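Text of final_15.txt, listed as compact mmCIF, C-alpha atoms and all ligand atoms:
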# COMPACT_ATOMS: atom_id res chain seq x y z
CA MET O 1 74.17 -81.92 -32.95
CA ASN O 2 73.05 -82.45 -29.38
CA ARG O 3 70.90 -85.37 -28.31
CA ARG O 4 67.62 -83.47 -28.33
CA ALA O 5 68.24 -81.99 -31.76
CA LEU O 6 69.17 -85.43 -33.06
CA LEU O 7 65.99 -86.98 -31.67
CA LEU O 8 63.94 -84.15 -33.19
CA ALA O 9 65.65 -84.69 -36.55
CA ILE O 10 64.89 -88.42 -36.40
CA LEU O 11 61.27 -87.70 -35.48
CA LEU O 12 60.84 -85.20 -38.31
CA PHE O 13 62.47 -87.57 -40.76
CA SER O 14 60.18 -90.47 -39.80
CA LEU O 15 57.12 -88.20 -39.92
CA SER O 16 58.06 -86.91 -43.36
CA SER O 17 58.60 -90.41 -44.71
CA LEU O 18 55.26 -91.42 -43.18
CA PHE O 19 53.47 -88.64 -45.04
CA ALA O 20 55.56 -89.03 -48.16
CA ASN O 21 54.25 -92.48 -49.01
CA PRO O 22 50.67 -92.16 -50.27
CA TYR O 23 50.21 -95.91 -49.96
CA SER O 24 50.62 -96.29 -46.22
CA GLY O 25 48.20 -97.45 -43.53
CA GLY O 26 47.65 -100.90 -45.01
CA VAL O 27 45.38 -102.18 -47.75
CA SER O 28 41.77 -101.24 -46.97
CA LEU O 29 40.32 -102.89 -50.09
CA PHE O 30 41.54 -105.78 -52.24
CA VAL O 31 40.28 -105.61 -55.84
CA ILE O 32 40.55 -109.16 -57.21
CA ASP O 33 40.37 -109.40 -61.00
CA PRO O 34 39.80 -112.83 -62.58
CA GLY O 35 41.20 -112.46 -66.11
CA HIS O 36 39.04 -112.99 -69.24
CA GLY O 37 35.47 -114.42 -69.05
CA GLY O 38 32.35 -114.90 -71.15
CA LYS O 39 33.14 -114.83 -74.88
CA ASP O 40 36.86 -114.46 -74.07
CA PRO O 41 38.13 -117.85 -72.81
CA GLY O 42 41.74 -116.66 -72.42
CA ALA O 43 44.40 -119.28 -73.03
CA GLN O 44 43.18 -122.80 -73.78
CA GLY O 45 44.72 -126.24 -73.45
CA PHE O 46 43.78 -129.87 -72.90
CA GLY O 47 40.08 -129.02 -72.84
CA LYS O 48 40.43 -126.27 -70.23
CA ASN O 49 39.79 -122.53 -70.49
CA GLU O 50 41.93 -120.02 -68.63
CA LYS O 51 38.86 -117.95 -67.66
CA ASP O 52 37.46 -120.79 -65.49
CA ILE O 53 40.72 -121.36 -63.57
CA ASN O 54 41.16 -117.61 -63.02
CA LEU O 55 37.62 -117.33 -61.64
CA ALA O 56 37.90 -120.38 -59.34
CA VAL O 57 41.18 -119.19 -57.76
CA SER O 58 40.03 -115.55 -57.56
CA LEU O 59 36.81 -116.52 -55.73
CA LEU O 60 38.87 -118.52 -53.21
CA VAL O 61 41.36 -115.67 -52.69
CA ALA O 62 38.53 -113.17 -52.08
CA GLU O 63 36.83 -115.62 -49.71
CA ASN O 64 40.05 -116.13 -47.72
CA LEU O 65 40.58 -112.38 -47.40
CA GLU O 66 37.01 -111.80 -46.23
CA LYS O 67 37.21 -114.68 -43.75
CA ALA O 68 40.24 -112.92 -42.29
CA GLY O 69 38.10 -109.79 -41.80
CA ARG O 70 39.41 -107.83 -44.79
CA SER O 71 37.41 -106.15 -47.57
CA ALA O 72 37.56 -107.58 -51.07
CA VAL O 73 35.66 -106.93 -54.31
CA LEU O 74 35.82 -108.94 -57.52
CA THR O 75 35.72 -107.34 -60.97
CA ARG O 76 33.62 -110.37 -62.01
CA SER O 77 32.22 -113.17 -59.87
CA ASP O 78 30.74 -115.26 -62.69
CA ASP O 79 31.49 -116.21 -66.29
CA ARG O 80 31.00 -112.86 -68.01
CA PHE O 81 32.96 -110.77 -70.48
CA LEU O 82 34.55 -107.56 -69.24
CA GLU O 83 36.55 -105.06 -71.26
CA LEU O 84 39.99 -104.33 -69.81
CA GLY O 85 38.92 -100.70 -69.32
CA THR O 86 35.92 -101.83 -67.26
CA ARG O 87 38.22 -103.78 -64.93
CA CYS O 88 40.23 -100.61 -64.35
CA ASP O 89 37.05 -98.57 -63.86
CA VAL O 90 35.88 -101.00 -61.15
CA ALA O 91 39.21 -100.61 -59.35
CA ASN O 92 39.57 -96.86 -59.89
CA SER O 93 36.06 -96.07 -58.69
CA ALA O 94 35.85 -98.54 -55.79
CA THR O 95 34.97 -97.22 -52.35
CA PHE O 96 37.69 -97.81 -49.78
CA GLU O 97 38.51 -96.79 -46.21
CA LYS O 98 40.51 -93.61 -46.43
CA SER O 99 42.85 -94.78 -43.66
CA GLY O 100 44.39 -97.21 -46.13
CA TYR O 101 44.62 -97.80 -49.87
CA PRO O 102 43.26 -100.29 -52.43
CA LEU O 103 45.38 -103.05 -53.98
CA PHE O 104 44.60 -104.49 -57.41
CA VAL O 105 45.34 -108.19 -58.02
CA SER O 106 44.69 -109.67 -61.46
CA ILE O 107 44.76 -113.46 -61.75
CA HIS O 108 45.67 -115.23 -65.01
CA VAL O 109 47.03 -118.47 -66.47
CA ASN O 110 49.93 -118.52 -68.91
CA SER O 111 50.37 -120.28 -72.25
CA ALA O 112 53.34 -120.84 -74.57
CA GLN O 113 54.10 -122.46 -77.93
CA ASN O 114 56.76 -124.51 -76.16
CA SER O 115 54.83 -127.12 -74.18
CA ASP O 116 57.78 -127.48 -71.76
CA ALA O 117 57.35 -123.91 -70.52
CA SER O 118 56.12 -123.96 -66.92
CA GLY O 119 56.08 -122.03 -63.68
CA PHE O 120 54.50 -119.36 -61.52
CA GLU O 121 55.23 -115.67 -62.03
CA VAL O 122 54.00 -112.25 -61.02
CA PHE O 123 54.04 -109.12 -63.18
CA VAL O 124 54.37 -105.53 -62.00
CA LYS O 125 54.09 -102.36 -64.07
CA ASP O 126 57.15 -101.06 -65.85
CA GLU O 127 58.18 -97.85 -64.05
CA LYS O 128 58.48 -96.09 -67.41
CA LYS O 129 54.70 -96.38 -67.89
CA LEU O 130 52.95 -93.58 -66.05
CA ILE O 131 49.67 -94.32 -64.30
CA PRO O 132 46.66 -92.31 -65.55
CA MET O 133 46.47 -88.66 -64.63
CA LEU O 134 44.43 -88.03 -61.52
CA SER O 135 42.48 -85.44 -63.49
CA LYS O 136 40.78 -88.30 -65.33
CA VAL O 137 39.72 -89.96 -62.08
CA THR O 138 36.36 -89.10 -60.54
CA ASN O 139 36.49 -91.22 -57.37
CA PRO O 140 35.84 -88.67 -54.57
CA ILE O 141 37.77 -90.61 -51.89
CA LEU O 142 40.72 -90.86 -54.20
CA LEU O 143 40.66 -87.21 -55.14
CA SER O 144 40.45 -86.02 -51.55
CA LYS O 145 43.26 -88.30 -50.45
CA TYR O 146 45.65 -88.13 -53.39
CA ALA O 147 45.09 -84.70 -54.97
CA SER O 148 48.27 -83.34 -53.41
CA TYR O 149 50.48 -85.92 -55.13
CA THR O 150 51.79 -85.52 -58.65
CA PRO O 151 51.27 -88.44 -61.06
CA SER O 152 55.02 -89.11 -61.03
CA GLN O 153 55.03 -89.33 -57.21
CA LEU O 154 52.07 -91.72 -57.24
CA ASN O 155 53.74 -93.67 -60.03
CA ARG O 156 56.95 -94.09 -58.04
CA TYR O 157 55.17 -95.25 -54.90
CA LYS O 158 52.79 -97.51 -56.82
CA ASP O 159 55.82 -99.27 -58.33
CA LEU O 160 57.55 -99.59 -54.94
CA VAL O 161 54.52 -101.06 -53.17
CA SER O 162 53.56 -103.30 -56.13
CA ARG O 163 57.08 -104.76 -56.20
CA ARG O 164 56.98 -105.45 -52.46
CA VAL O 165 53.60 -107.21 -52.71
CA ALA O 166 54.73 -109.20 -55.77
CA ASP O 167 57.87 -110.37 -53.92
CA SER O 168 55.73 -111.48 -50.95
CA VAL O 169 53.35 -113.44 -53.18
CA VAL O 170 56.24 -115.18 -54.93
CA SER O 171 57.89 -116.09 -51.57
CA SER O 172 54.63 -117.39 -50.15
CA VAL O 173 53.95 -119.58 -53.22
CA GLN O 174 57.55 -120.80 -53.07
CA ARG O 175 57.03 -121.86 -49.44
CA SER O 176 53.74 -123.63 -50.20
CA PHE O 177 54.98 -125.32 -53.38
CA PRO O 178 58.67 -126.07 -52.76
CA LEU O 179 58.94 -128.26 -55.87
CA ALA O 180 57.21 -125.85 -58.26
CA ARG O 181 59.11 -123.82 -60.85
CA ILE O 182 59.05 -120.18 -59.77
CA ARG O 183 59.81 -117.71 -62.53
CA GLY O 184 59.80 -114.75 -60.13
CA VAL O 185 58.68 -111.14 -60.52
CA LYS O 186 58.77 -109.53 -63.97
CA LYS O 187 57.93 -106.13 -65.43
CA GLY O 188 55.15 -106.14 -67.97
CA ASP O 189 53.50 -103.58 -70.22
CA LEU O 190 50.04 -104.84 -69.28
CA TYR O 191 46.86 -102.82 -69.66
CA VAL O 192 45.36 -103.44 -66.21
CA LEU O 193 48.66 -102.62 -64.48
CA ASN O 194 49.02 -99.38 -66.44
CA CYS O 195 45.44 -98.14 -66.06
CA THR O 196 44.93 -98.64 -62.32
CA TRP O 197 46.30 -95.83 -60.16
CA MET O 198 46.74 -98.02 -57.04
CA PRO O 199 49.49 -100.61 -56.42
CA SER O 200 48.75 -103.56 -58.68
CA ILE O 201 50.10 -106.99 -59.57
CA LEU O 202 49.20 -109.59 -62.19
CA ILE O 203 49.66 -113.23 -61.22
CA GLU O 204 50.25 -116.01 -63.78
CA LEU O 205 49.35 -119.21 -61.91
CA GLY O 206 51.02 -121.61 -64.34
CA PHE O 207 50.99 -122.78 -67.97
CA ILE O 208 47.79 -124.24 -69.41
CA SER O 209 49.91 -125.41 -72.36
CA ASN O 210 52.05 -127.64 -70.14
CA GLU O 211 50.35 -131.00 -69.58
CA ASP O 212 51.51 -131.46 -65.95
CA GLU O 213 50.62 -127.92 -64.91
CA ASN O 214 47.35 -128.12 -66.82
CA GLY O 215 46.33 -131.06 -64.63
CA ARG O 216 47.15 -129.17 -61.42
CA LEU O 217 45.51 -125.90 -62.55
CA GLY O 218 42.15 -127.63 -62.85
CA ASP O 219 42.43 -129.52 -59.55
CA GLY O 220 40.22 -128.17 -56.74
CA SER O 221 42.61 -128.94 -53.89
CA TRP O 222 45.57 -127.43 -55.79
CA GLN O 223 43.45 -124.31 -56.42
CA GLN O 224 42.73 -124.07 -52.68
CA ARG O 225 46.42 -124.39 -51.73
CA MET O 226 47.37 -121.82 -54.36
CA ALA O 227 44.65 -119.40 -53.23
CA ALA O 228 45.80 -119.83 -49.60
CA ALA O 229 49.41 -119.08 -50.54
CA ILE O 230 48.35 -115.92 -52.41
CA SER O 231 45.93 -114.66 -49.74
CA ASP O 232 48.44 -115.36 -46.94
CA ALA O 233 50.87 -113.01 -48.68
CA LEU O 234 48.20 -110.36 -49.36
CA LEU O 235 47.08 -110.41 -45.71
CA GLY O 236 50.49 -109.00 -44.79
CA TYR O 237 49.48 -105.67 -46.39
ZN ZN O 301 45.18 -114.20 -69.30

Would you give me this structure, written as structure tokens?
Ligand SMILES: [Zn+2]
Amino acid sequence: MNRRALLLAILLFSLSSLFANPYSGGVSLFVIDPGHGGKDPGAQGFGKNEKDINLAVSLLVAENLEKAGRSAVLTRSDDRFLELGTRCDVANSATFEKSGYPLFVSIHVNSAQNSDASGFEVFVKDEKKLIPMLSKVTNPILLSKYASYTPSQLNRYKDLVSRRVADSVVSSVQRSFPLARIRGVKKGDLYVLNCTWMPSILIELGFISNEDENGRLGDGSWQQRMAAAISDALLGY
């Protein structure tokens, strides 16, 4: 192959990989989902409810993203009950800049029978679970942008991008909390990860059932540091 043909081949290859990934161009909307709420307190421990910690950290993450000039919406911004399906509907029908793609970030707190269990972890969808068929989606921006992709293509790229984002969040939290136990990135069969068509992660901030972590989870300055670590990572996308 001569030099010109080689350059042309490289150009075509990079163009095709550019068009191949439906989730390119950066995140144009962050959908932040504080887990539980209202009549559903989530996990409970030492007088604290998971729903309140999720909301406090989620509000801070959304605020950080907006301060940095990025668009963010919350599935709930107060103490109200939302069905899991409603959370997915908010994400799947959200308006976003077509030049990029939305990213779904659900924020939760863990709990375990074993009170020694501790640590930060991030869940991504299991690749065996297929995201919902585009035929069920009515979002016009989505349909115009993604109609040419098959569900299995979108599924593959969703998993790739979600994994990348999850790894970045874990690294950022590791840097901000060098002494914390980091459980890493795990695959989970979780409703909100399976029912959102865009890249999505679910963060477990720590264990409400662990007395030490319980104390930190409810502390305002810890919540701010944690939210900063999460939003710093998200701003890279
Ligand atoms: Zn939860």

* Asked: Between O:Ile53, O:Ala5, O:Leu103, O:Val169, which has the minimum distance to Gln223 (chain O) (counting only C-alpha atoms)?
  -> O:Ile53

* Taking only C-alpha atoms and all ligand atoms into account, which residues are within 8 Å of ligand ZN 301 (chain O), as a ChimeraX atom specification? -> /O:35-36,42-43,50-51,107-110,204

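Picture a line from CA of Leu65 (chain O) to CA of Ser106 (chain O); it runs 14.9 Å.
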
* To do: Tell me which of O:Val192, O:Ala112, O:Asn54, O:Ser168 sits closest to Glu83 (chain O), counting all atoms listed in the file.
  =>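 Between O:Val192, O:Ala112, O:Asn54, O:Ser168, the residue approaching Glu83 (chain O) most closely is O:Val192.
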
* Asked: Between O:Leu29, O:Cys88, O:Leu59, O:Ala147, which is the closest to Gly100 (chain O) once you count all atoms listed in the file?
  ->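 Counting all atoms listed in the file, the residue closest to Gly100 (chain O) is O:Leu29.
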
From the structure block, carefully write region 4-148 of chain O out with C-alpha atoms; format it as a PDB file, in the first residue's frame.
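File decode_2.pdb, as written:
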ATOM      1  CA  ARG O   4      -1.545   8.018   0.152  1.00  0.00           C
ATOM      2  CA  ALA O   5      -3.613   4.842   0.181  1.00  0.00           C
ATOM      3  CA  LEU O   6      -2.467   4.160   3.736  1.00  0.00           C
ATOM      4  CA  LEU O   7      -3.435   7.655   4.878  1.00  0.00           C
ATOM      5  CA  LEU O   8      -6.816   7.283   3.183  1.00  0.00           C
ATOM      6  CA  ALA O   9      -7.341   3.920   4.896  1.00  0.00           C
ATOM      7  CA  ILE O  10      -6.480   5.456   8.282  1.00  0.00           C
ATOM      8  CA  LEU O  11      -8.846   8.360   7.627  1.00  0.00           C
ATOM      9  CA  LEU O  12     -11.699   6.065   6.601  1.00  0.00           C
ATOM     10  CA  PHE O  13     -11.095   3.839   9.596  1.00  0.00           C
ATOM     11  CA  SER O  14     -11.172   6.761  12.040  1.00  0.00           C
ATOM     12  CA  LEU O  15     -14.292   8.184  10.369  1.00  0.00           C
ATOM     13  CA  SER O  16     -16.066   4.842  10.545  1.00  0.00           C
ATOM     14  CA  SER O  17     -15.213   4.397  14.209  1.00  0.00           C
ATOM     15  CA  LEU O  18     -16.407   7.955  14.830  1.00  0.00           C
ATOM     16  CA  PHE O  19     -19.784   7.189  13.291  1.00  0.00           C
ATOM     17  CA  ALA O  20     -19.934   3.707  14.732  1.00  0.00           C
ATOM     18  CA  ASN O  21     -20.162   4.843  18.334  1.00  0.00           C
ATOM     19  CA  PRO O  22     -23.626   6.294  18.951  1.00  0.00           C
ATOM     20  CA  TYR O  23     -22.449   7.741  22.249  1.00  0.00           C
ATOM     21  CA  SER O  24     -19.832  10.163  20.984  1.00  0.00           C
ATOM     22  CA  GLY O  25     -19.629  13.956  21.158  1.00  0.00           C
ATOM     23  CA  GLY O  26     -19.659  14.141  24.945  1.00  0.00           C
ATOM     24  CA  VAL O  27     -22.460  14.080  27.486  1.00  0.00           C
ATOM     25  CA  SER O  28     -24.981  16.823  26.691  1.00  0.00           C
ATOM     26  CA  LEU O  29     -27.278  16.032  29.634  1.00  0.00           C
ATOM     27  CA  PHE O  30     -26.611  14.420  33.014  1.00  0.00           C
ATOM     28  CA  VAL O  31     -29.689  12.729  34.501  1.00  0.00           C
ATOM     29  CA  ILE O  32     -29.024  12.458  38.245  1.00  0.00           C
ATOM     30  CA  ASP O  33     -31.276  10.002  40.069  1.00  0.00           C
ATOM     31  CA  PRO O  34     -31.401  10.129  43.891  1.00  0.00           C
ATOM     32  CA  GLY O  35     -32.561   6.631  44.887  1.00  0.00           C
ATOM     33  CA  HIS O  36     -35.775   6.037  46.905  1.00  0.00           C
ATOM     34  CA  GLY O  37     -37.767   8.929  48.482  1.00  0.00           C
ATOM     35  CA  GLY O  38     -41.105   9.685  50.124  1.00  0.00           C
ATOM     36  CA  LYS O  39     -42.716   6.539  51.542  1.00  0.00           C
ATOM     37  CA  ASP O  40     -39.659   4.507  50.478  1.00  0.00           C
ATOM     38  CA  PRO O  41     -36.796   5.359  52.876  1.00  0.00           C
ATOM     39  CA  GLY O  42     -34.354   2.906  51.260  1.00  0.00           C
ATOM     40  CA  ALA O  43     -31.833   1.328  53.609  1.00  0.00           C
ATOM     41  CA  GLN O  44     -31.909   2.487  57.219  1.00  0.00           C
ATOM     42  CA  GLY O  45     -29.371   2.531  60.023  1.00  0.00           C
ATOM     43  CA  PHE O  46     -28.447   4.431  63.163  1.00  0.00           C
ATOM     44  CA  GLY O  47     -31.414   6.767  62.759  1.00  0.00           C
ATOM     45  CA  LYS O  48     -30.615   7.668  59.144  1.00  0.00           C
ATOM     46  CA  ASN O  49     -32.564   7.006  55.952  1.00  0.00           C
ATOM     47  CA  GLU O  50     -30.809   6.234  52.683  1.00  0.00           C
ATOM     48  CA  LYS O  51     -33.228   8.481  50.728  1.00  0.00           C
ATOM     49  CA  ASP O  52     -31.973  11.631  52.530  1.00  0.00           C
ATOM     50  CA  ILE O  53     -28.268  10.914  51.903  1.00  0.00           C
ATOM     51  CA  ASN O  54     -28.961  10.070  48.243  1.00  0.00           C
ATOM     52  CA  LEU O  55     -30.842  13.352  47.781  1.00  0.00           C
ATOM     53  CA  ALA O  56     -28.222  15.514  49.537  1.00  0.00           C
ATOM     54  CA  VAL O  57     -25.325  14.115  47.462  1.00  0.00           C
ATOM     55  CA  SER O  58     -27.339  14.141  44.213  1.00  0.00           C
ATOM     56  CA  LEU O  59     -28.279  17.817  44.656  1.00  0.00           C
ATOM     57  CA  LEU O  60     -24.596  18.672  45.195  1.00  0.00           C
ATOM     58  CA  VAL O  61     -23.485  16.661  42.143  1.00  0.00           C
ATOM     59  CA  ALA O  62     -26.089  18.376  39.934  1.00  0.00           C
ATOM     60  CA  GLU O  63     -25.079  21.780  41.324  1.00  0.00           C
ATOM     61  CA  ASN O  64     -21.385  21.119  40.606  1.00  0.00           C
ATOM     62  CA  LEU O  65     -22.146  20.061  37.043  1.00  0.00           C
ATOM     63  CA  GLU O  66     -24.277  23.143  36.399  1.00  0.00           C
ATOM     64  CA  LYS O  67     -21.664  25.442  37.937  1.00  0.00           C
ATOM     65  CA  ALA O  68     -19.224  23.984  35.418  1.00  0.00           C
ATOM     66  CA  GLY O  69     -21.611  24.999  32.618  1.00  0.00           C
ATOM     67  CA  ARG O  70     -23.096  21.548  31.964  1.00  0.00           C
ATOM     68  CA  SER O  71     -26.778  20.552  31.829  1.00  0.00           C
ATOM     69  CA  ALA O  72     -28.197  18.360  34.567  1.00  0.00           C
ATOM     70  CA  VAL O  73     -31.696  17.231  35.536  1.00  0.00           C
ATOM     71  CA  LEU O  74     -32.743  15.383  38.672  1.00  0.00           C
ATOM     72  CA  THR O  75     -35.396  12.655  38.683  1.00  0.00           C
ATOM     73  CA  ARG O  76     -36.455  14.086  42.072  1.00  0.00           C
ATOM     74  CA  SER O  77     -35.234  17.208  43.853  1.00  0.00           C
ATOM     75  CA  ASP O  78     -37.223  16.751  47.070  1.00  0.00           C
ATOM     76  CA  ASP O  79     -38.432  13.977  49.357  1.00  0.00           C
ATOM     77  CA  ARG O  80     -40.986  12.282  47.109  1.00  0.00           C
ATOM     78  CA  PHE O  81     -41.733   8.728  46.061  1.00  0.00           C
ATOM     79  CA  LEU O  82     -40.988   7.738  42.471  1.00  0.00           C
ATOM     80  CA  GLU O  83     -41.588   4.363  40.859  1.00  0.00           C
ATOM     81  CA  LEU O  84     -38.489   2.874  39.230  1.00  0.00           C
ATOM     82  CA  GLY O  85     -40.272   3.048  35.864  1.00  0.00           C
ATOM     83  CA  THR O  86     -40.866   6.786  36.331  1.00  0.00           C
ATOM     84  CA  ARG O  87     -37.138   7.338  36.878  1.00  0.00           C
ATOM     85  CA  CYS O  88     -36.458   5.599  33.561  1.00  0.00           C
ATOM     86  CA  ASP O  89     -39.217   7.586  31.853  1.00  0.00           C
ATOM     87  CA  VAL O  90     -37.641  10.861  33.027  1.00  0.00           C
ATOM     88  CA  ALA O  91     -34.291   9.777  31.571  1.00  0.00           C
ATOM     89  CA  ASN O  92     -35.672   8.237  28.381  1.00  0.00           C
ATOM     90  CA  SER O  93     -37.822  11.245  27.538  1.00  0.00           C
ATOM     91  CA  ALA O  94     -35.406  14.017  28.570  1.00  0.00           C
ATOM     92  CA  THR O  95     -34.523  16.676  26.029  1.00  0.00           C
ATOM     93  CA  PHE O  96     -30.826  16.779  25.201  1.00  0.00           C
ATOM     94  CA  GLU O  97     -28.508  18.462  22.703  1.00  0.00           C
ATOM     95  CA  LYS O  98     -28.302  16.181  19.708  1.00  0.00           C
ATOM     96  CA  SER O  99     -24.558  16.814  19.361  1.00  0.00           C
ATOM     97  CA  GLY O 100     -24.009  14.650  22.429  1.00  0.00           C
ATOM     98  CA  TYR O 101     -25.813  12.035  24.499  1.00  0.00           C
ATOM     99  CA  PRO O 102     -27.414  11.787  27.965  1.00  0.00           C
ATOM    100  CA  LEU O 103     -25.779   9.954  30.880  1.00  0.00           C
ATOM    101  CA  PHE O 104     -27.839   8.439  33.703  1.00  0.00           C
ATOM    102  CA  VAL O 105     -26.336   8.430  37.212  1.00  0.00           C
ATOM    103  CA  SER O 106     -28.288   6.832  40.054  1.00  0.00           C
ATOM    104  CA  ILE O 107     -27.061   7.511  43.587  1.00  0.00           C
ATOM    105  CA  HIS O 108     -27.665   5.064  46.454  1.00  0.00           C
ATOM    106  CA  VAL O 109     -26.370   3.924  49.843  1.00  0.00           C
ATOM    107  CA  ASN O 110     -25.661   0.282  50.610  1.00  0.00           C
ATOM    108  CA  SER O 111     -26.650  -1.908  53.553  1.00  0.00           C
ATOM    109  CA  ALA O 112     -25.639  -5.392  54.723  1.00  0.00           C
ATOM    110  CA  GLN O 113     -26.467  -7.846  57.513  1.00  0.00           C
ATOM    111  CA  ASN O 114     -22.761  -7.900  58.344  1.00  0.00           C
ATOM    112  CA  SER O 115     -22.088  -4.580  60.067  1.00  0.00           C
ATOM    113  CA  ASP O 116     -18.397  -4.799  59.073  1.00  0.00           C
ATOM    114  CA  ALA O 117     -19.255  -4.519  55.370  1.00  0.00           C
ATOM    115  CA  SER O 118     -18.039  -1.165  54.041  1.00  0.00           C
ATOM    116  CA  GLY O 119     -16.870   0.638  50.943  1.00  0.00           C
ATOM    117  CA  PHE O 120     -17.713   2.557  47.794  1.00  0.00           C
ATOM    118  CA  GLU O 121     -18.786   0.797  44.608  1.00  0.00           C
ATOM    119  CA  VAL O 122     -20.314   1.497  41.221  1.00  0.00           C
ATOM    120  CA  PHE O 123     -22.657  -0.800  39.303  1.00  0.00           C
ATOM    121  CA  VAL O 124     -23.005  -1.085  35.543  1.00  0.00           C
ATOM    122  CA  LYS O 125     -25.540  -3.119  33.578  1.00  0.00           C
ATOM    123  CA  ASP O 126     -24.799  -6.741  32.830  1.00  0.00           C
ATOM    124  CA  GLU O 127     -24.137  -6.964  29.072  1.00  0.00           C
ATOM    125  CA  LYS O 128     -26.507  -9.946  28.858  1.00  0.00           C
ATOM    126  CA  LYS O 129     -29.444  -7.660  29.722  1.00  0.00           C
ATOM    127  CA  LEU O 130     -30.645  -5.877  26.606  1.00  0.00           C
ATOM    128  CA  ILE O 131     -31.762  -2.269  26.876  1.00  0.00           C
ATOM    129  CA  PRO O 132     -35.400  -1.602  25.907  1.00  0.00           C
ATOM    130  CA  MET O 133     -36.306  -1.735  22.253  1.00  0.00           C
ATOM    131  CA  LEU O 134     -36.203   1.655  20.591  1.00  0.00           C
ATOM    132  CA  SER O 135     -39.701   0.966  19.284  1.00  0.00           C
ATOM    133  CA  LYS O 136     -40.996   1.533  22.811  1.00  0.00           C
ATOM    134  CA  VAL O 137     -39.297   4.916  23.061  1.00  0.00           C
ATOM    135  CA  THR O 138     -41.157   8.041  21.986  1.00  0.00           C
ATOM    136  CA  ASN O 139     -38.463  10.682  22.566  1.00  0.00           C
ATOM    137  CA  PRO O 140     -38.214  12.449  19.154  1.00  0.00           C
ATOM    138  CA  ILE O 141     -34.551  13.484  19.578  1.00  0.00           C
ATOM    139  CA  LEU O 142     -33.654   9.951  20.469  1.00  0.00           C
ATOM    140  CA  LEU O 143     -35.539   8.442  17.568  1.00  0.00           C
ATOM    141  CA  SER O 144     -34.026  10.793  15.018  1.00  0.00           C
ATOM    142  CA  LYS O 145     -30.516  10.219  16.321  1.00  0.00           C
ATOM    143  CA  TYR O 146     -30.548   6.524  17.145  1.00  0.00           C
ATOM    144  CA  ALA O 147     -33.092   4.960  14.776  1.00  0.00           C
ATOM    145  CA  SER O 148     -30.338   3.563  12.561  1.00  0.00           C
TER     146      SER O 148
END
